[in-house]
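Participant: What follows is a structure written as structure tokens; I'll ask about it next.
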Amino acid sequence: MASKILTFGEVIMRLSPPGNKTMRQSHEMEFFFGGTELNVASSLATMGCDVTHISNVSDDFVGESALSFIKSFGIDTTFINKNEHPLGLYFLEVGSSVRASRIAYNRLNGSFANIKPEQVDWKKALEGCEYFHWTGISPGISEGAYETLKEGLLTAREMGIEVTTDPAYRSNLWKYGKNGNEVLKELVSYSTIFIGGVNEINEILGTQFSSDQQGFLEACEELKKQCPSIHKIFDKIRIGVTASSQQTQGRALVKGNYFETGLLEVNPVVDRIGTGDAFAAGLIYGLLNFDDEKALNFANAACAIKHTILGDINYCSTEDILEVMAGNSGGRIKR
């Protein structure tokens, strides 16, 4: 039976020169629709989950195109509203080898930035949900996005719904007067499953734990002490050899038990964008279907395989991810 999951976040357009060109040398752009939480929703829908996404899009042909794209996954768009503001977008130059990728955003006055709490009927949207997923990107975009998300989290807590959070802190956001770290700590305290590691915990709590295993365990204990609603912590580790070669690994602390996955190597990397979202989607799917340790391994495999897919979204099926998880990474043609 399909599990119902709710996601909340911006629908954004990505514009990139084809291949590994820089913008200065290219006269054409490829575009993709995505957005951190939408990437999670799309991946979960591809794996057979019943997903609803909450957002705003522009009331023009660009917004209509975005809605058509979202609906193509079977995602419920009932709670996606239209307004007169443009769809947010960002520009990406894809790096290669020793040249890093570069991103420039244009989102702070977009359609999602102008979302308001009264636009969302949270009790109706959350009815029948098992999981509600959010990230630290959304509350950083605008005060309206923060207030809307907070109302949803409080409603989810009242309804006893599991809330997963990837509290990514982006310093180039948070332009509307609130302290990002304080807001994220507040919102994490309304959540139950933390998808992040030492860096994220240090950002939120203002601590300085080390990134080794002992530091991770100490950071987790401090997070649970300050945000006692958190009962599971899952961390994605990505080791960048070059822009074209990456290794991924997962680790977790659940009920006092530490466990980790093996390393998965990806070389060459096709696209790094959305790999953390693939991890989050894989984890949520895994928690719905497997035990915690297998869920972590499934998430790590989903993250690794997304590095091989162009665009923001992980289009791989559950079967594809399970094969990589089982060690079948030789890339033989399936006939």
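Naming works like this for the structure tokens: A, B, ... for the chains as they're shown, residue 1 at the start of each chain, ligands 1 onward in shown order.
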Set out as a tab-separated table a contact list for range 100-217 of chain A and range 87-90 of chain A with a cut-off of 6 Å, giving each residue of range 100-217 of chain A that qualifies its closest atom pair and distance in Å to one decimal, counting only C-alpha atoms, ordered by chain and rising residue number.

Facilitator:
residue	atom	partner	partner_atom	distance
A:Ala104	CA	A:Tyr90	CA	5.6
A:Tyr105	CA	A:Tyr90	CA	4.3
A:Asn106	CA	A:Leu89	CA	5.3
A:Arg107	CA	A:Gly88	CA	4.3
A:Gly110	CA	A:Gly88	CA	4.9
A:Ser111	CA	A:Leu87	CA	5.4

Participant: Store the residues picked out above in a file with N, CA and C atoms, as a PDB file, in the first residue's frame.

Facilitator:
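What landed in out-v2.pdb:
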ATOM      1  N   ALA A 104      24.232  30.588  -8.873  1.00  0.00           N
ATOM      2  CA  ALA A 104      23.718  31.925  -8.533  1.00  0.00           C
ATOM      3  C   ALA A 104      22.199  31.834  -8.471  1.00  0.00           C
ATOM      4  N   TYR A 105      21.585  32.323  -7.373  1.00  0.00           N
ATOM      5  CA  TYR A 105      20.147  32.209  -7.149  1.00  0.00           C
ATOM      6  C   TYR A 105      19.405  33.500  -7.471  1.00  0.00           C
ATOM      7  N   ASN A 106      18.164  33.339  -7.898  1.00  0.00           N
ATOM      8  CA  ASN A 106      17.234  34.457  -8.058  1.00  0.00           C
ATOM      9  C   ASN A 106      15.880  33.968  -7.554  1.00  0.00           C
ATOM     10  N   ARG A 107      15.692  34.043  -6.243  1.00  0.00           N
ATOM     11  CA  ARG A 107      14.514  33.409  -5.640  1.00  0.00           C
ATOM     12  C   ARG A 107      13.850  34.227  -4.538  1.00  0.00           C
ATOM     13  N   GLY A 110      10.366  35.617  -5.421  1.00  0.00           N
ATOM     14  CA  GLY A 110       9.596  34.751  -6.298  1.00  0.00           C
ATOM     15  C   GLY A 110       8.247  34.354  -5.730  1.00  0.00           C
ATOM     16  N   SER A 111       7.560  33.480  -6.443  1.00  0.00           N
ATOM     17  CA  SER A 111       6.201  33.071  -6.059  1.00  0.00           C
ATOM     18  C   SER A 111       6.175  32.375  -4.704  1.00  0.00           C
TER      19      SER A 111
END

Participant: From the DSSP assignment of the backbone, select every residue of range 72-154 of chain A that is alpha helix (DSSP H), and format the answer as a list in words.

Facilitator: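 Result set for range 72-154 of chain A (alpha helix (DSSP H)): Trp122, Lys123, Lys124, Ala125, Leu126, Ile137, Ser138, Pro139, Gly140, Ile141, Glu143, Gly144, Ala145, Tyr146, Glu147, Thr148, Leu149, Lys150, Glu151, Gly152, Leu153 and Leu154 of chain A.
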
Participant: Would you save the residues from that selection as a PDB file, in the first residue's frame, using N, CA, C and O atoms?

Facilitator:
ATOM      1  N   TRP A 122      -3.691  23.243   6.746  1.00  0.00           N
ATOM      2  CA  TRP A 122      -2.744  22.210   7.161  1.00  0.00           C
ATOM      3  C   TRP A 122      -3.425  20.938   7.655  1.00  0.00           C
ATOM      4  O   TRP A 122      -2.936  19.830   7.402  1.00  0.00           O
ATOM      5  N   LYS A 123      -4.520  21.067   8.370  1.00  0.00           N
ATOM      6  CA  LYS A 123      -5.188  19.861   8.865  1.00  0.00           C
ATOM      7  C   LYS A 123      -5.691  18.998   7.720  1.00  0.00           C
ATOM      8  O   LYS A 123      -5.577  17.762   7.740  1.00  0.00           O
ATOM      9  N   LYS A 124      -6.204  19.639   6.708  1.00  0.00           N
ATOM     10  CA  LYS A 124      -6.665  18.898   5.534  1.00  0.00           C
ATOM     11  C   LYS A 124      -5.489  18.302   4.768  1.00  0.00           C
ATOM     12  O   LYS A 124      -5.534  17.142   4.338  1.00  0.00           O
ATOM     13  N   ALA A 125      -4.435  19.080   4.613  1.00  0.00           N
ATOM     14  CA  ALA A 125      -3.269  18.607   3.867  1.00  0.00           C
ATOM     15  C   ALA A 125      -2.590  17.436   4.566  1.00  0.00           C
ATOM     16  O   ALA A 125      -2.099  16.505   3.909  1.00  0.00           O
ATOM     17  N   LEU A 126      -2.539  17.452   5.895  1.00  0.00           N
ATOM     18  CA  LEU A 126      -1.837  16.421   6.660  1.00  0.00           C
ATOM     19  C   LEU A 126      -2.702  15.210   6.975  1.00  0.00           C
ATOM     20  O   LEU A 126      -2.195  14.221   7.521  1.00  0.00           O
ATOM     21  N   ILE A 137      16.036  25.197   3.849  1.00  0.00           N
ATOM     22  CA  ILE A 137      15.976  26.160   2.755  1.00  0.00           C
ATOM     23  C   ILE A 137      14.716  27.013   2.856  1.00  0.00           C
ATOM     24  O   ILE A 137      14.768  28.247   2.743  1.00  0.00           O
ATOM     25  N   SER A 138      13.577  26.371   3.067  1.00  0.00           N
ATOM     26  CA  SER A 138      12.285  27.069   3.000  1.00  0.00           C
ATOM     27  C   SER A 138      12.143  28.223   3.978  1.00  0.00           C
ATOM     28  O   SER A 138      11.778  29.337   3.581  1.00  0.00           O
ATOM     29  N   PRO A 139      12.414  28.034   5.280  1.00  0.00           N
ATOM     30  CA  PRO A 139      12.222  29.168   6.195  1.00  0.00           C
ATOM     31  C   PRO A 139      13.231  30.284   5.995  1.00  0.00           C
ATOM     32  O   PRO A 139      13.040  31.384   6.513  1.00  0.00           O
ATOM     33  N   GLY A 140      14.303  30.032   5.232  1.00  0.00           N
ATOM     34  CA  GLY A 140      15.281  31.074   4.961  1.00  0.00           C
ATOM     35  C   GLY A 140      14.880  32.002   3.840  1.00  0.00           C
ATOM     36  O   GLY A 140      15.467  33.080   3.679  1.00  0.00           O
ATOM     37  N   ILE A 141      13.876  31.625   3.051  1.00  0.00           N
ATOM     38  CA  ILE A 141      13.527  32.400   1.863  1.00  0.00           C
ATOM     39  C   ILE A 141      12.721  33.648   2.200  1.00  0.00           C
ATOM     40  O   ILE A 141      12.936  34.715   1.624  1.00  0.00           O
ATOM     41  N   GLU A 143       9.818  35.495   5.468  1.00  0.00           N
ATOM     42  CA  GLU A 143       9.100  35.349   6.736  1.00  0.00           C
ATOM     43  C   GLU A 143       7.785  34.611   6.527  1.00  0.00           C
ATOM     44  O   GLU A 143       7.362  33.832   7.375  1.00  0.00           O
ATOM     45  N   GLY A 144       7.138  34.853   5.381  1.00  0.00           N
ATOM     46  CA  GLY A 144       5.900  34.136   5.094  1.00  0.00           C
ATOM     47  C   GLY A 144       6.123  32.636   4.989  1.00  0.00           C
ATOM     48  O   GLY A 144       5.311  31.842   5.484  1.00  0.00           O
ATOM     49  N   ALA A 145       7.227  32.224   4.361  1.00  0.00           N
ATOM     50  CA  ALA A 145       7.546  30.799   4.260  1.00  0.00           C
ATOM     51  C   ALA A 145       7.827  30.210   5.642  1.00  0.00           C
ATOM     52  O   ALA A 145       7.397  29.096   5.956  1.00  0.00           O
ATOM     53  N   TYR A 146       8.546  30.971   6.474  1.00  0.00           N
ATOM     54  CA  TYR A 146       8.822  30.527   7.846  1.00  0.00           C
ATOM     55  C   TYR A 146       7.532  30.349   8.639  1.00  0.00           C
ATOM     56  O   TYR A 146       7.307  29.315   9.286  1.00  0.00           O
ATOM     57  N   GLU A 147       6.651  31.344   8.596  1.00  0.00           N
ATOM     58  CA  GLU A 147       5.422  31.280   9.377  1.00  0.00           C
ATOM     59  C   GLU A 147       4.499  30.167   8.880  1.00  0.00           C
ATOM     60  O   GLU A 147       3.837  29.494   9.682  1.00  0.00           O
ATOM     61  N   THR A 148       4.450  29.977   7.562  1.00  0.00           N
ATOM     62  CA  THR A 148       3.612  28.917   6.997  1.00  0.00           C
ATOM     63  C   THR A 148       4.127  27.552   7.417  1.00  0.00           C
ATOM     64  O   THR A 148       3.357  26.670   7.825  1.00  0.00           O
ATOM     65  N   LEU A 149       5.434  27.361   7.336  1.00  0.00           N
ATOM     66  CA  LEU A 149       6.036  26.093   7.741  1.00  0.00           C
ATOM     67  C   LEU A 149       5.828  25.838   9.229  1.00  0.00           C
ATOM     68  O   LEU A 149       5.472  24.719   9.626  1.00  0.00           O
ATOM     69  N   LYS A 150       6.024  26.847  10.057  1.00  0.00           N
ATOM     70  CA  LYS A 150       5.847  26.677  11.502  1.00  0.00           C
ATOM     71  C   LYS A 150       4.437  26.214  11.829  1.00  0.00           C
ATOM     72  O   LYS A 150       4.242  25.312  12.660  1.00  0.00           O
ATOM     73  N   GLU A 151       3.460  26.806  11.180  1.00  0.00           N
ATOM     74  CA  GLU A 151       2.074  26.392  11.414  1.00  0.00           C
ATOM     75  C   GLU A 151       1.871  24.930  11.029  1.00  0.00           C
ATOM     76  O   GLU A 151       1.192  24.170  11.721  1.00  0.00           O
ATOM     77  N   GLY A 152       2.486  24.515   9.927  1.00  0.00           N
ATOM     78  CA  GLY A 152       2.378  23.120   9.508  1.00  0.00           C
ATOM     79  C   GLY A 152       3.035  22.175  10.487  1.00  0.00           C
ATOM     80  O   GLY A 152       2.500  21.090  10.784  1.00  0.00           O
ATOM     81  N   LEU A 153       4.199  22.563  11.017  1.00  0.00           N
ATOM     82  CA  LEU A 153       4.902  21.702  11.969  1.00  0.00           C
ATOM     83  C   LEU A 153       4.124  21.562  13.271  1.00  0.00           C
ATOM     84  O   LEU A 153       4.058  20.468  13.853  1.00  0.00           O
ATOM     85  N   LEU A 154       3.539  22.647  13.741  1.00  0.00           N
ATOM     86  CA  LEU A 154       2.745  22.583  14.967  1.00  0.00           C
ATOM     87  C   LEU A 154       1.515  21.705  14.770  1.00  0.00           C
ATOM     88  O   LEU A 154       1.123  20.927  15.660  1.00  0.00           O
TER      89      LEU A 154
END

Participant: Compare A:Ile305, A:Ala66, A:Ala113, A:Leu263 by their minimum atom-to-atom distance to Tyr176 in chain A, counting only C-alpha atoms, and give me the closest one.

Facilitator: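 Closest to Tyr176 in chain A of all the choices is A:Ala113.
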
Participant: Taking 6 positions as the minimum chain separation for residues in the same chain, which residues sit within 8 Å of Val188 in chain A when counting only C-alpha atoms? Answer as a ChimeraX atom specification.

Facilitator: /A:165,167,194,227,230

Participant: Within 12 Å of Pro268 in chain A, counting only C-alpha atoms, which residues qualify if same-chain residues fewer than 5 places away don't, as a VMD selection string?

Facilitator: chain A and resid 95 to 97 240 to 247 304 to 309

Participant: Given only C-alpha atoms, how would the per-residue table for range 123-202 of chain A near range 253-262 of chain A read, listing every residue at most 12 Å away with its closest atom pair and distance in Å to one decimal, sorted by chain and number, as JSON lines?

Facilitator:
{"residue": "A:Thr192", "atom": "CA", "partner": "A:Val254", "partner_atom": "CA", "distance": 11.7}
{"residue": "A:Ile193", "atom": "CA", "partner": "A:Val254", "partner_atom": "CA", "distance": 9.8}
{"residue": "A:Phe194", "atom": "CA", "partner": "A:Leu253", "partner_atom": "CA", "distance": 10.1}
{"residue": "A:Ile195", "atom": "CA", "partner": "A:Leu253", "partner_atom": "CA", "distance": 10.8}
{"residue": "A:Gly196", "atom": "CA", "partner": "A:Leu253", "partner_atom": "CA", "distance": 11.1}
{"residue": "A:Gly197", "atom": "CA", "partner": "A:Leu253", "partner_atom": "CA", "distance": 10.3}

Participant: Record the distance separating CA of Gly177 in chain A and CA of Ile115 in chain A, expressed in Å with one decimal.

Facilitator: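 These two atoms are separated by 17.2 Å.
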
Participant: For Pro18 in chain A, please output as a list in words all residues within 12 Å (counting only C-alpha atoms; exclusion window: fewer than 6 positions along the same chain).

Facilitator: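 Neighbouring residues, sequence-local ones excluded: Gln25, Ser26, His27, Glu28, Met29, Glu30, Phe31, Phe32, Phe91, Leu92, Glu93, Val94, Gly95, Leu310 and Gly311 of chain A.
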
Participant: If you run DSSP on this backbone, which residues of range 119-229 of chain A come out as strand (DSSP E or B), and could you give them as a ChimeraX atom specification?

Facilitator: /A:131-135,162-166,193-195

Participant: From the list A:Cys49, A:Met13, A:Cys129, A:Leu205, which residue is nearest Gly180 in chain A when using only C-alpha atoms?

Facilitator: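 Using only C-alpha atoms, Gly180 in chain A sits closest to A:Leu205.
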
Participant: Please provide the set of residues having any atom within 10 Å of Gly63 in chain A, restricted to only C-alpha atoms, with same-chain residues fewer than 3 positions apart removed, written as a list of chain:residue names.

Facilitator: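 So, after excluding close chain neighbours, the residues are A:Val11, A:Ile12, A:Met13, A:Asn56, A:Val57, A:Ser58, A:Asp59, A:Asp60, A:Ala66, A:Leu67, A:Ser68, A:Phe69, A:Asn81, A:Lys82, A:Asn83, A:His85, A:Pro86, A:Leu87, A:Ser111.
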
Participant: Enter the distance from CA of Ile80 in chain A to CA of His133 in chain A, in Å, rounded to one decimal.

Facilitator: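 Atom-to-atom, CA of Ile80 in chain A and CA of His133 in chain A are spaced 15.8 Å apart.
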
Participant: Tell me which of A:His53, A:Arg272, A:Lys4, A:Lys225 sits closest to Glu130 in chain A, counting only C-alpha atoms.

Facilitator: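 That would be A:Lys4, the residue with the smallest distance to Glu130 in chain A.
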
Participant: Quote the spacing between CA of Ser211 in chain A and CA of Val198 in chain A in Å to one decimal place.

Facilitator: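 Here the two named atoms are 5.8 Å from each other.
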